[in-house]
Amino acid sequence: MVSRRAAAVLVVLALFTGACSSGSKQASKAPTVEANGPATTGAAAPGGSPSGEASTTSPIPAAVAGNAPAGEATATSAPGSSGVTPTTRRSASGPAAQASAANSPAPNSAPGPGRAAPGPNPVPPSGTPPAPGQPYKIGGIFPLSGGISALGRPAEQAARAYFQSVNDAGGIDGHRIDFVTEDDGGDPNRTRAAAEKLVERDGISIMGPSFTPFSPDLVPFLEKKGVPFIGFDGVNVEGFSSPTTVTIGASIAPHARVLVPYWVEKTHVKRIAVVYLDVPPAVTYLKETRDVICPKIGCQVVDAQPVQFNTTDYTSMLLRFRSESVEGVFIVTDPGSAVKMLLQAKQQNYKPSPGGYLGQHGIYLDLVPSSCGSFCDGILAPTSLFPPQVSSPATDEMRRVVGKYFSNVDFGYFTELGYVSARMLVDILHQAGTADRDRVLDVARHMTAYDTGGFTNPAHPVDISPGREHSRDIIIMRMEKGTWKQETGWLTPRQF
Amino acid sequence: MNLTLTAEAAARGAVVGTGAGLLAVAVVLTFRSTGVLNFALGGVASVSAFVVWQLWGRGGGLPIVPSVVIALVVSVVLGLACERVMRPLASAPVAVRAIATLGLLLLLDGGIVALWGPADRFLPALSGGAVPFGVVRVGSQEIGLAVVAILSAVGLGLWTRTRPLGMASLAIGEDPAAARLLGVRPQRVTAVIWGLSALLAGMAGVGLSGGQGVLNSTGMTLALVAALAAVLLGGFEHLGITVAAAAGVGALTAAVAVIPSAARVSGLVESTGFLVVLAVVLLRPRRSLLGRA
């Protein structure tokens with residue numbers, strides 16, 4: 001006689017475990033939402049709008065559409081002593097090169113005017129730099145498995161491809177790059193364990209490009225250990241105030257402050273529903289939209305629906321939105337959840353009017369429009385990097401380099417951020433001439449007008465010095481016929 | 001609360017839940033013959049979906065029908081392999097055997113990651129189109145899977161009552177020693193049962209994954225866990241009640257998701273199955289339609 005009672009107990013336990021995993025939160029605390037954002041603390045975009053002015057909507061200029069600005073040569077400063085230089089690097093001549101040269105501190109020189117004020121925590125003594133010829137050991141943490149692996153894997157591949165291309169060209173002044181990565185699965189507990197392993201067991205000199213959006217504790221940990229973090233993803237705002245953290249990415253606020261007003265103005269949507277993954281970065285997007293942006297521009301968040309990675313039924317919430325006369329749905333989830341939702345919306349033939357659906361940089365990935373087809377035409381998403389789907393010397397180079405080492409890589413914001421962050425790190429190491437932590441951070445502090453070689457707005461060289469968030473311009477993309485198209489030129493985030 | 005909308009959403013949820021009940025049928029089929037609570041069926045379902053993705057979904061070039069057939073054959077082979085691994089544990093306690101199937105599940109999930117990587121994949125729906133039901137539309141794939149689940153439950157119910165092998169499968173579940181004395185070969189019958197349940201799991205994996213669009217190594221495991229609510233409500237015995245329970249849980253889950261105040265409680269909708277089971281276990285009388293568990 002089989003024991004049904006024992007089996008019943010096992011079933012109840014299994015269901016309880018499943019229920020608990022559905023309701024669990026991803027991080028221990030939500031990042032603080034800065035209601036006024038970095039733009040009101042004085043860090044206006046270089047040459048950007050004065051405080052209080054609306055963002056500019058410019059037609060796509062030729063310079064942005066892919067051609068380097070006049071005067072900016074494409075000759076390179078090769079990272080290695082020989083071999084093909086894989087990217088269009090800093091200009092060898094022209095005003096951009098002069099600006100970057102000015103930002104590169106001469107030995108024993110006084111700090112330049114662009115140097116950020118030191119933070120409250122002085123940088124601890126650095127670890128032992130590699131001996132001549134020894135590789136530079138760089139760490140990276142990415143979600144290679146789990147719910148956001150669709151974003152993490154291509155980001156890691158893009159960064160690794162760039163480092164590999166540098167190695168193939170001879171390394172950085174003879175030093176190869178040893179890029180050691182760990183998979184945290186998007187779990188902040190695993191992120192901490194991965195960071196400890198990289199720092200204490202693997203002995204990395206620097207934490208390089210990483211994607212840890214659910215782990216606000218990583219930056220404080222690295223700061224405490226004295227490990228520079230060059231390639232922070234910019235999702236959690238705490239990282240921007242760290243004196244040892246450098247990012248070329250933009251936080252959620254500037255993305256939202258360009259995207260949502262543009263969408264509202266374009267479609268005249270008023271009643272918005274937000275479907276958000278129940279994790280801190282998505283909550284930040286929700287709060288930014290509901291509490292900061294919409295009150296100022298006349299929209300209203302009438303429904304906010306949390307979902308989990310394992311949510312399978314989106315139809316019921318879509319039906320509810322329909323009954324609530326929702327005019328637009330803001331999708332603040334990972335790409336997989338967005339695909340599930342949009343497929344069910346397509347099945348229900350539900351596209352709210354007049355706003356339709358709105359994405360964000362978390363779903364800006366090739367996977368989403370290719371899965372959704374023409375039903376998703378018109379969905380917008382922001383990016384603070386020149387879009388990889390648009391041909392330009394920089395993005396063509398990136399695709400060529402990444403394609404050399406990996407096939408079928410999904411490009412999007414975080415993929416490109418991985419690549420550009422790797423590029424930035426190599427630039428810093430080359431300028432520093434060493435992986436000495438103090439020296440690396442000193443170089444970064446002076447990079448207040450960094451020329452990304454076409455990945456950011458060439459009219460506004462970016463300030464990547466650590467210690468505070470710097471403004472970034474944003475481009476809005478649009479889904480069309482299974483791919484992403486450029487919707488706007490560079491837009492400066494509004495201040496609210 | 002919009003009652004019409006809730007009813008229509010519940011109706012759609014019932015259809016979707018019925019399709020998911022195919023996994024529950026697979027679990028009951030194995031359990032009532034062998035006493036094994038087979039968690040590995042979640043892994044079999046996942047493998048089946050990945051095989052379809054490999055052959056058809058990623059542009060592998062094979063048409064959909066042969067891709068599905070191959071996937072189902074792979075499922076049956078996996079089921080038979082799992083049975084062979086479990087054979088030495090035939091006389092072990094229920095909990096031990098269930099944990100062993102958890103080990104098989106981990107092995108299958110690990111195999112998926114090793115072969116296809118840990119990242120999510122996109123699997124398009126096997127069949128497009130939807131049938132309107134009021135303002136709600138129910139996908140033809142979801143309807144098809146629900147029909148398969150109902151036919152499976154009915155067919156297996158008849159099989160176990162009218163065919164020798166079917167009756168033998170119940171006999172070895174009730175009293176293996178007596179069944180052996182009557183000429184039943186338990187190992188052969190067990191193998192058939194494991195193969196059949198794996199086939200059902202494979203069909204569920206293909207149907208459910210295609211409907212969701214996103215495929216990963218753990219999606220079907222979570223679907224199996226959710227289906228366990230129906231297994232429990234069916235008393236680990238009644239296939240028809242199991243399918244009906246799956247439909248009921250699906251309907252209730254969809255209805256809850258339509259209620260704004262309930263839907264905004266994070267995780268409540270996904271936990272509906274567990275809450276139903278908890279309520280039944282705590283409140284139901286000893287003798288009931290819901291089995292003896």
# chains A, B, ... in the order shown; residues from 1 in each chain; ligands from 1

call {"tool": "residues_around", "arguments": {"residues": "stretch 301-305 of chain A", "least_positions_apart": "5", "cutoff": "12 Å", "atoms": "only C-alpha atoms", "output": "PDB file with N, CA and C atoms, in the first residue's frame"}}
result
ATOM      1  N   VAL A 260       9.752  58.985 -20.598  1.00  0.00           N
ATOM      2  CA  VAL A 260       8.331  59.128 -20.266  1.00  0.00           C
ATOM      3  C   VAL A 260       7.750  60.434 -20.822  1.00  0.00           C
ATOM      4  N   VAL A 269      -0.891  60.211 -23.998  1.00  0.00           N
ATOM      5  CA  VAL A 269      -1.421  59.252 -23.041  1.00  0.00           C
ATOM      6  C   VAL A 269      -1.554  59.919 -21.682  1.00  0.00           C
ATOM      7  N   LYS A 270      -2.615  59.566 -20.973  1.00  0.00           N
ATOM      8  CA  LYS A 270      -2.834  60.140 -19.643  1.00  0.00           C
ATOM      9  C   LYS A 270      -2.846  59.051 -18.565  1.00  0.00           C
ATOM     10  N   ARG A 271      -3.640  58.010 -18.767  1.00  0.00           N
ATOM     11  CA  ARG A 271      -3.825  56.965 -17.747  1.00  0.00           C
ATOM     12  C   ARG A 271      -2.868  55.822 -18.062  1.00  0.00           C
ATOM     13  N   ILE A 272      -1.905  55.655 -17.179  1.00  0.00           N
ATOM     14  CA  ILE A 272      -0.826  54.695 -17.435  1.00  0.00           C
ATOM     15  C   ILE A 272      -0.906  53.563 -16.429  1.00  0.00           C
ATOM     16  N   ALA A 273      -0.710  52.357 -16.900  1.00  0.00           N
ATOM     17  CA  ALA A 273      -0.505  51.212 -16.012  1.00  0.00           C
ATOM     18  C   ALA A 273       0.963  50.825 -16.098  1.00  0.00           C
ATOM     19  N   VAL A 274       1.526  50.432 -15.001  1.00  0.00           N
ATOM     20  CA  VAL A 274       2.930  50.018 -14.971  1.00  0.00           C
ATOM     21  C   VAL A 274       2.984  48.548 -14.553  1.00  0.00           C
ATOM     22  N   VAL A 275       3.591  47.738 -15.379  1.00  0.00           N
ATOM     23  CA  VAL A 275       3.858  46.341 -15.038  1.00  0.00           C
ATOM     24  C   VAL A 275       5.339  46.273 -14.712  1.00  0.00           C
ATOM     25  N   TYR A 276       5.655  45.934 -13.488  1.00  0.00           N
ATOM     26  CA  TYR A 276       7.052  46.010 -13.078  1.00  0.00           C
ATOM     27  C   TYR A 276       7.494  44.742 -12.374  1.00  0.00           C
ATOM     28  N   LEU A 277       8.719  44.347 -12.710  1.00  0.00           N
ATOM     29  CA  LEU A 277       9.342  43.225 -12.009  1.00  0.00           C
ATOM     30  C   LEU A 277       9.587  43.674 -10.576  1.00  0.00           C
ATOM     31  N   ASP A 278       9.233  42.832  -9.639  1.00  0.00           N
ATOM     32  CA  ASP A 278       9.273  43.247  -8.238  1.00  0.00           C
ATOM     33  C   ASP A 278      10.708  43.220  -7.695  1.00  0.00           C
ATOM     34  N   ALA A 282      13.330  48.235 -10.803  1.00  0.00           N
ATOM     35  CA  ALA A 282      12.031  48.449 -11.435  1.00  0.00           C
ATOM     36  C   ALA A 282      11.141  49.319 -10.558  1.00  0.00           C
ATOM     37  N   VAL A 283      11.240  49.136  -9.258  1.00  0.00           N
ATOM     38  CA  VAL A 283      10.477  49.988  -8.344  1.00  0.00           C
ATOM     39  C   VAL A 283      10.931  51.442  -8.484  1.00  0.00           C
ATOM     40  N   TYR A 285      12.012  52.836 -11.238  1.00  0.00           N
ATOM     41  CA  TYR A 285      11.359  53.335 -12.451  1.00  0.00           C
ATOM     42  C   TYR A 285       9.905  53.707 -12.154  1.00  0.00           C
ATOM     43  N   LEU A 286       9.227  52.847 -11.403  1.00  0.00           N
ATOM     44  CA  LEU A 286       7.822  53.104 -11.071  1.00  0.00           C
ATOM     45  C   LEU A 286       7.686  54.393 -10.279  1.00  0.00           C
ATOM     46  N   LYS A 287       8.515  54.532  -9.254  1.00  0.00           N
ATOM     47  CA  LYS A 287       8.409  55.710  -8.386  1.00  0.00           C
ATOM     48  C   LYS A 287       8.780  56.974  -9.149  1.00  0.00           C
ATOM     49  N   GLU A 288       9.784  56.870  -9.977  1.00  0.00           N
ATOM     50  CA  GLU A 288      10.203  58.033 -10.777  1.00  0.00           C
ATOM     51  C   GLU A 288       9.054  58.483 -11.679  1.00  0.00           C
ATOM     52  N   THR A 289       8.394  57.511 -12.290  1.00  0.00           N
ATOM     53  CA  THR A 289       7.298  57.841 -13.192  1.00  0.00           C
ATOM     54  C   THR A 289       6.090  58.359 -12.421  1.00  0.00           C
ATOM     55  N   ARG A 290       5.713  57.625 -11.380  1.00  0.00           N
ATOM     56  CA  ARG A 290       4.481  57.946 -10.666  1.00  0.00           C
ATOM     57  C   ARG A 290       4.608  59.195  -9.815  1.00  0.00           C
ATOM     58  N   ASP A 291       5.737  59.352  -9.135  1.00  0.00           N
ATOM     59  CA  ASP A 291       5.858  60.403  -8.122  1.00  0.00           C
ATOM     60  C   ASP A 291       6.601  61.649  -8.590  1.00  0.00           C
ATOM     61  N   VAL A 292       7.417  61.511  -9.615  1.00  0.00           N
ATOM     62  CA  VAL A 292       8.240  62.652 -10.036  1.00  0.00           C
ATOM     63  C   VAL A 292       7.786  63.205 -11.379  1.00  0.00           C
ATOM     64  N   ILE A 293       7.674  62.319 -12.356  1.00  0.00           N
ATOM     65  CA  ILE A 293       7.470  62.793 -13.726  1.00  0.00           C
ATOM     66  C   ILE A 293       5.995  63.084 -14.006  1.00  0.00           C
ATOM     67  N   CYS A 294       5.162  62.082 -13.783  1.00  0.00           N
ATOM     68  CA  CYS A 294       3.750  62.243 -14.152  1.00  0.00           C
ATOM     69  C   CYS A 294       3.069  63.441 -13.492  1.00  0.00           C
ATOM     70  N   PRO A 295       3.302  63.715 -12.224  1.00  0.00           N
ATOM     71  CA  PRO A 295       2.650  64.906 -11.642  1.00  0.00           C
ATOM     72  C   PRO A 295       3.004  66.193 -12.376  1.00  0.00           C
ATOM     73  N   THR A 311       6.212  34.485 -13.255  1.00  0.00           N
ATOM     74  CA  THR A 311       4.820  34.804 -13.604  1.00  0.00           C
ATOM     75  C   THR A 311       4.542  34.328 -15.015  1.00  0.00           C
ATOM     76  N   TYR A 314      -0.204  36.751 -17.784  1.00  0.00           N
ATOM     77  CA  TYR A 314      -0.283  38.197 -17.932  1.00  0.00           C
ATOM     78  C   TYR A 314      -1.642  38.611 -18.494  1.00  0.00           C
ATOM     79  N   SER A 316      -4.673  38.034 -17.454  1.00  0.00           N
ATOM     80  CA  SER A 316      -5.639  38.564 -16.483  1.00  0.00           C
ATOM     81  C   SER A 316      -5.366  40.030 -16.178  1.00  0.00           C
ATOM     82  N   MET A 317      -4.095  40.394 -16.029  1.00  0.00           N
ATOM     83  CA  MET A 317      -3.811  41.807 -15.720  1.00  0.00           C
ATOM     84  C   MET A 317      -4.104  42.680 -16.931  1.00  0.00           C
ATOM     85  N   LEU A 318      -3.877  42.157 -18.131  1.00  0.00           N
ATOM     86  CA  LEU A 318      -4.189  42.933 -19.320  1.00  0.00           C
ATOM     87  C   LEU A 318      -5.702  43.154 -19.431  1.00  0.00           C
ATOM     88  N   ARG A 320      -7.666  43.353 -16.945  1.00  0.00           N
ATOM     89  CA  ARG A 320      -7.993  44.335 -15.916  1.00  0.00           C
ATOM     90  C   ARG A 320      -7.667  45.746 -16.415  1.00  0.00           C
ATOM     91  N   PHE A 321      -6.524  45.882 -17.069  1.00  0.00           N
ATOM     92  CA  PHE A 321      -6.161  47.195 -17.612  1.00  0.00           C
ATOM     93  C   PHE A 321      -7.221  47.665 -18.606  1.00  0.00           C
ATOM     94  N   ARG A 322      -7.701  46.733 -19.391  1.00  0.00           N
ATOM     95  CA  ARG A 322      -8.716  47.089 -20.379  1.00  0.00           C
ATOM     96  C   ARG A 322      -9.972  47.587 -19.674  1.00  0.00           C
ATOM     97  N   SER A 323     -10.345  46.918 -18.605  1.00  0.00           N
ATOM     98  CA  SER A 323     -11.560  47.329 -17.887  1.00  0.00           C
ATOM     99  C   SER A 323     -11.360  48.655 -17.174  1.00  0.00           C
ATOM    100  N   GLU A 324     -10.115  48.994 -16.870  1.00  0.00           N
ATOM    101  CA  GLU A 324      -9.821  50.249 -16.184  1.00  0.00           C
ATOM    102  C   GLU A 324      -9.580  51.400 -17.163  1.00  0.00           C
ATOM    103  N   SER A 325      -9.789  51.115 -18.441  1.00  0.00           N
ATOM    104  CA  SER A 325      -9.576  52.134 -19.482  1.00  0.00           C
ATOM    105  C   SER A 325      -8.165  52.705 -19.442  1.00  0.00           C
ATOM    106  N   VAL A 326      -7.225  51.838 -19.214  1.00  0.00           N
ATOM    107  CA  VAL A 326      -5.815  52.239 -19.253  1.00  0.00           C
ATOM    108  C   VAL A 326      -5.473  52.661 -20.684  1.00  0.00           C
ATOM    109  N   GLU A 327      -4.716  53.746 -20.791  1.00  0.00           N
ATOM    110  CA  GLU A 327      -4.391  54.284 -22.118  1.00  0.00           C
ATOM    111  C   GLU A 327      -2.993  53.896 -22.590  1.00  0.00           C
ATOM    112  N   GLY A 328      -2.182  53.424 -21.681  1.00  0.00           N
ATOM    113  CA  GLY A 328      -0.828  53.035 -22.052  1.00  0.00           C
ATOM    114  C   GLY A 328      -0.252  52.145 -20.964  1.00  0.00           C
ATOM    115  N   VAL A 329       0.575  51.203 -21.340  1.00  0.00           N
ATOM    116  CA  VAL A 329       1.176  50.277 -20.371  1.00  0.00           C
ATOM    117  C   VAL A 329       2.691  50.414 -20.437  1.00  0.00           C
ATOM    118  N   PHE A 330       3.288  50.693 -19.299  1.00  0.00           N
ATOM    119  CA  PHE A 330       4.745  50.852 -19.182  1.00  0.00           C
ATOM    120  C   PHE A 330       5.303  49.520 -18.690  1.00  0.00           C
ATOM    121  N   ILE A 331       6.135  48.899 -19.497  1.00  0.00           N
ATOM    122  CA  ILE A 331       6.687  47.585 -19.166  1.00  0.00           C
ATOM    123  C   ILE A 331       8.050  47.783 -18.513  1.00  0.00           C
ATOM    124  N   VAL A 332       8.099  47.535 -17.206  1.00  0.00           N
ATOM    125  CA  VAL A 332       9.365  47.717 -16.476  1.00  0.00           C
ATOM    126  C   VAL A 332       9.796  46.344 -15.957  1.00  0.00           C
ATOM    127  N   THR A 333      10.189  45.503 -16.871  1.00  0.00           N
ATOM    128  CA  THR A 333      10.565  44.139 -16.510  1.00  0.00           C
ATOM    129  C   THR A 333      11.842  43.761 -17.235  1.00  0.00           C
TER     130      THR A 333
ATOM    131  N   ALA B 257      -6.171  37.223 -10.248  1.00  0.00           N
ATOM    132  CA  ALA B 257      -5.292  38.170 -10.960  1.00  0.00           C
ATOM    133  C   ALA B 257      -6.067  39.337 -11.534  1.00  0.00           C
ATOM    134  N   VAL B 258      -7.356  39.182 -11.723  1.00  0.00           N
ATOM    135  CA  VAL B 258      -8.158  40.266 -12.275  1.00  0.00           C
ATOM    136  C   VAL B 258      -8.572  41.261 -11.184  1.00  0.00           C
ATOM    137  N   ILE B 259      -8.573  40.823  -9.948  1.00  0.00           N
ATOM    138  CA  ILE B 259      -8.969  41.694  -8.838  1.00  0.00           C
ATOM    139  C   ILE B 259      -7.796  42.615  -8.512  1.00  0.00           C
ATOM    140  N   PRO B 260      -7.952  43.912  -8.663  1.00  0.00           N
ATOM    141  CA  PRO B 260      -6.800  44.816  -8.510  1.00  0.00           C
ATOM    142  C   PRO B 260      -6.114  44.713  -7.142  1.00  0.00           C
ATOM    143  N   SER B 261      -6.895  44.734  -6.082  1.00  0.00           N
ATOM    144  CA  SER B 261      -6.274  44.758  -4.761  1.00  0.00           C
ATOM    145  C   SER B 261      -5.527  43.461  -4.473  1.00  0.00           C
ATOM    146  N   ALA B 262      -6.039  42.364  -4.999  1.00  0.00           N
ATOM    147  CA  ALA B 262      -5.361  41.076  -4.782  1.00  0.00           C
ATOM    148  C   ALA B 262      -4.146  40.937  -5.681  1.00  0.00           C
ATOM    149  N   ALA B 263      -4.293  41.365  -6.917  1.00  0.00           N
ATOM    150  CA  ALA B 263      -3.211  41.172  -7.884  1.00  0.00           C
ATOM    151  C   ALA B 263      -1.969  41.968  -7.511  1.00  0.00           C
ATOM    152  N   ARG B 264      -2.161  43.073  -6.783  1.00  0.00           N
ATOM    153  CA  ARG B 264      -1.007  43.919  -6.457  1.00  0.00           C
ATOM    154  C   ARG B 264      -0.226  43.384  -5.271  1.00  0.00           C
ATOM    155  N   VAL B 265      -0.740  42.372  -4.595  1.00  0.00           N
ATOM    156  CA  VAL B 265       0.027  41.752  -3.510  1.00  0.00           C
ATOM    157  C   VAL B 265       1.048  40.839  -4.172  1.00  0.00           C
ATOM    158  N   SER B 266       2.312  41.189  -4.032  1.00  0.00           N
ATOM    159  CA  SER B 266       3.347  40.479  -4.765  1.00  0.00           C
ATOM    160  C   SER B 266       3.382  38.993  -4.409  1.00  0.00           C
ATOM    161  N   GLY B 267       3.262  38.156  -5.412  1.00  0.00           N
ATOM    162  CA  GLY B 267       3.350  36.721  -5.203  1.00  0.00           C
ATOM    163  C   GLY B 267       2.035  36.050  -4.863  1.00  0.00           C
ATOM    164  N   LEU B 268       0.975  36.812  -4.604  1.00  0.00           N
ATOM    165  CA  LEU B 268      -0.288  36.192  -4.195  1.00  0.00           C
ATOM    166  C   LEU B 268      -0.874  35.353  -5.324  1.00  0.00           C
ATOM    167  N   VAL B 269      -0.853  35.913  -6.524  1.00  0.00           N
ATOM    168  CA  VAL B 269      -1.442  35.190  -7.654  1.00  0.00           C
ATOM    169  C   VAL B 269      -0.692  33.871  -7.874  1.00  0.00           C
TER     170      VAL B 269
END

call {"tool": "residues_around", "arguments": {"residues": "A:Gly146", "least_positions_apart": "3", "cutoff": "10 Å", "atoms": "only C-alpha atoms", "output": "mmCIF file with N, CA and C atoms, in the first residue's frame"}}
result
data_model
loop_
_atom_site.group_PDB
_atom_site.id
_atom_site.type_symbol
_atom_site.label_atom_id
_atom_site.label_comp_id
_atom_site.auth_asym_id
_atom_site.auth_seq_id
_atom_site.Cartn_x
_atom_site.Cartn_y
_atom_site.Cartn_z
ATOM 1 N N PRO A 143 24.959 38.155 -14.321
ATOM 2 C CA PRO A 143 23.966 37.081 -14.194
ATOM 3 C C PRO A 143 23.971 36.229 -15.462
ATOM 4 N N SER A 149 19.474 36.627 -17.189
ATOM 5 C CA SER A 149 20.621 36.154 -17.966
ATOM 6 C C SER A 149 20.546 36.643 -19.412
ATOM 7 N N ALA A 150 19.352 36.938 -19.880
ATOM 8 C CA ALA A 150 19.220 37.454 -21.244
ATOM 9 C C ALA A 150 19.974 38.770 -21.408
ATOM 10 N N GLY A 152 22.535 39.620 -18.952
ATOM 11 C CA GLY A 152 23.872 39.427 -18.411
ATOM 12 C C GLY A 152 24.828 38.717 -19.347
ATOM 13 N N ASP A 183 29.341 34.121 -12.077
ATOM 14 C CA ASP A 183 27.908 34.171 -12.321
ATOM 15 C C ASP A 183 27.195 34.329 -10.987
ATOM 16 N N ASP A 184 26.436 35.416 -10.835
ATOM 17 C CA ASP A 184 25.681 35.573 -9.593
ATOM 18 C C ASP A 184 24.191 35.255 -9.776
ATOM 19 N N GLY A 185 23.783 34.937 -10.999
ATOM 20 C CA GLY A 185 22.394 34.558 -11.231
ATOM 21 C C GLY A 185 21.389 35.641 -10.883
ATOM 22 N N GLY A 186 21.867 36.885 -10.731
ATOM 23 C CA GLY A 186 20.952 37.963 -10.352
ATOM 24 C C GLY A 186 20.576 37.939 -8.880
ATOM 25 N N ASP A 187 21.229 37.103 -8.104
ATOM 26 C CA ASP A 187 20.926 36.972 -6.675
ATOM 27 C C ASP A 187 21.946 37.789 -5.881
ATOM 28 N N PHE A 309 9.723 36.700 -11.931
ATOM 29 C CA PHE A 309 10.325 36.012 -13.086
ATOM 30 C C PHE A 309 9.477 34.822 -13.504
ATOM 31 N N PRO B 118 22.599 28.382 -19.803
ATOM 32 C CA PRO B 118 21.625 28.775 -18.787
ATOM 33 C C PRO B 118 20.684 29.904 -19.215
ATOM 34 N N ALA B 119 20.954 30.527 -20.332
ATOM 35 C CA ALA B 119 20.165 31.703 -20.704
ATOM 36 C C ALA B 119 18.776 31.304 -21.192
ATOM 37 N N ASP B 120 17.860 32.253 -21.067
ATOM 38 C CA ASP B 120 16.505 32.046 -21.582
ATOM 39 C C ASP B 120 16.528 31.929 -23.106
ATOM 40 N N ASN B 216 13.365 28.142 -20.367
ATOM 41 C CA ASN B 216 14.596 27.991 -19.602
ATOM 42 C C ASN B 216 14.544 26.664 -18.864
ATOM 43 N N SER B 217 15.612 26.358 -18.147
ATOM 44 C CA SER B 217 15.739 25.033 -17.555
ATOM 45 C C SER B 217 14.822 24.812 -16.361
ATOM 46 N N THR B 218 14.282 25.888 -15.805
ATOM 47 C CA THR B 218 13.493 25.731 -14.578
ATOM 48 C C THR B 218 12.004 25.997 -14.761
#

call {"tool": "residues_around", "arguments": {"residues": "B:Ala179", "least_positions_apart": "6", "cutoff": "10 Å", "atoms": "only C-alpha atoms", "output": "list in words"}}
result
Ala168, Ser169, Leu170, Ala171, Ile172, Gly173, Arg185 and Pro186 of chain B

call {"tool": "closest_residue", "arguments": {"among": "B:Thr190, B:Gln141, B:Ser46, B:Ser152", "to": "chain A", "atoms": "only C-alpha atoms"}}
result
B:Gln141

call {"tool": "interface_residues", "arguments": {"of": "chain B", "to": "chain A", "cutoff": "8 Å", "atoms": "only C-alpha atoms", "output": "number ranges by chain"}}
result
B: 2, 5, 9, 32, 34-35, 37, 94-95, 118-120, 122, 124, 129-130, 136-139, 173-175, 212-214, 219, 222, 225-226, 228-229, 232, 235-236, 254-255, 257-260, 263-268, 270-271, 273-274, 277-278, 292-293

call {"tool": "select_by_dssp", "arguments": {"residues": "stretch 274-473 of chain A", "states": "alpha helix (DSSP H)", "output": "PyMOL selection string"}}
result
chain A and resi 280-287+294-297+315-323+335-348+367-372+393-405+413-432+437-445

call {"tool": "closest_atom_pairs", "arguments": {"of": "stretch 213-301 of chain A", "to": "stretch 436-452 of chain A", "cutoff": "8 Å", "atoms": "only C-alpha atoms", "output": "tab-separated table"}}
result
residue	atom	partner	partner_atom	distance
A:Gly226	CA	A:Arg437	CA	7.9
A:Val227	CA	A:Arg437	CA	7.0
A:Pro228	CA	A:Arg437	CA	6.4
A:Thr244	CA	A:Leu441	CA	6.7
A:Val246	CA	A:Ala444	CA	7.4

call {"tool": "write_last_selection", "arguments": {"atoms": "C-alpha atoms", "output": "JSON list (two decimals), in the first residue's frame"}}
result
[["chain", "number", "residue", "atom", "x", "y", "z"],
["A", 226, "GLY", "CA", 39.97, 49.23, -1.75],
["A", 227, "VAL", "CA", 39.24, 47.66, -5.13],
["A", 228, "PRO", "CA", 38.43, 50.15, -7.88],
["A", 244, "THR", "CA", 36.28, 54.31, -6.20],
["A", 246, "VAL", "CA", 33.59, 54.63, -12.32]]

call {"tool": "residues_around", "arguments": {"residues": "stretch 75-85 of chain B", "least_positions_apart": "4", "cutoff": "10 Å", "atoms": "only C-alpha atoms", "output": "ChimeraX atom specification"}}
result
/B:38,40-41,43-49,51,69-71,89-90,100-101,104-105,108,187,190-203,205

call {"tool": "residues_around", "arguments": {"residues": "stretch 406-422 of chain A", "least_positions_apart": "3", "cutoff": "8 Å", "atoms": "only C-alpha atoms", "output": "count of residues only"}}
result
41

call {"tool": "atom_distance", "arguments": {"atom1": "atom CA of A:Ile363", "atom2": "atom CA of A:Leu491"}}
result
19.6 Å

call {"tool": "select_by_dssp", "arguments": {"residues": "stretch 86-205 of chain B", "states": "strand (DSSP E)", "output": "ChimeraX atom specification"}}
result
/B:121-122,130-133,136-139

call {"tool": "write_last_selection", "arguments": {"atoms": "N, CA and C atoms", "output": "short mmCIF file (atom, residue, chain, number, x, y, z; two decimals), in the first residue's frame"}}
result
data_model
loop_
_atom_site.label_atom_id
_atom_site.label_comp_id
_atom_site.auth_asym_id
_atom_site.auth_seq_id
_atom_site.Cartn_x
_atom_site.Cartn_y
_atom_site.Cartn_z
N ARG B 121 15.64 31.12 -23.62
CA ARG B 121 15.46 30.99 -25.08
C ARG B 121 14.04 31.38 -25.43
N PHE B 122 13.85 31.69 -26.67
CA PHE B 122 12.50 32.03 -27.10
C PHE B 122 11.96 30.90 -27.97
N ALA B 130 -6.48 32.31 -32.00
CA ALA B 130 -7.15 32.29 -30.70
C ALA B 130 -8.66 32.31 -30.92
N VAL B 131 -9.36 31.78 -29.96
CA VAL B 131 -10.83 31.71 -30.02
C VAL B 131 -11.40 32.74 -29.06
N PRO B 132 -12.27 33.62 -29.53
CA PRO B 132 -12.83 34.63 -28.62
C PRO B 132 -13.85 34.03 -27.67
N PHE B 133 -13.81 34.51 -26.44
CA PHE B 133 -14.79 34.13 -25.43
C PHE B 133 -15.14 35.41 -24.69
N VAL B 136 -12.33 37.99 -23.87
CA VAL B 136 -11.11 37.20 -23.70
C VAL B 136 -10.90 36.32 -24.92
N ARG B 137 -9.65 36.10 -25.26
CA ARG B 137 -9.34 35.16 -26.33
C ARG B 137 -8.50 34.02 -25.75
N VAL B 138 -8.83 32.83 -26.11
CA VAL B 138 -8.09 31.65 -25.65
C VAL B 138 -7.31 31.09 -26.82
N GLY B 139 -6.02 30.94 -26.63
CA GLY B 139 -5.16 30.48 -27.72
C GLY B 139 -5.49 29.07 -28.17
#

call {"tool": "closest_residue", "arguments": {"among": "A:Arg478, A:Ser251, A:Gly239, A:Thr434", "to": "A:Tyr357", "atoms": "only C-alpha atoms"}}
result
A:Arg478
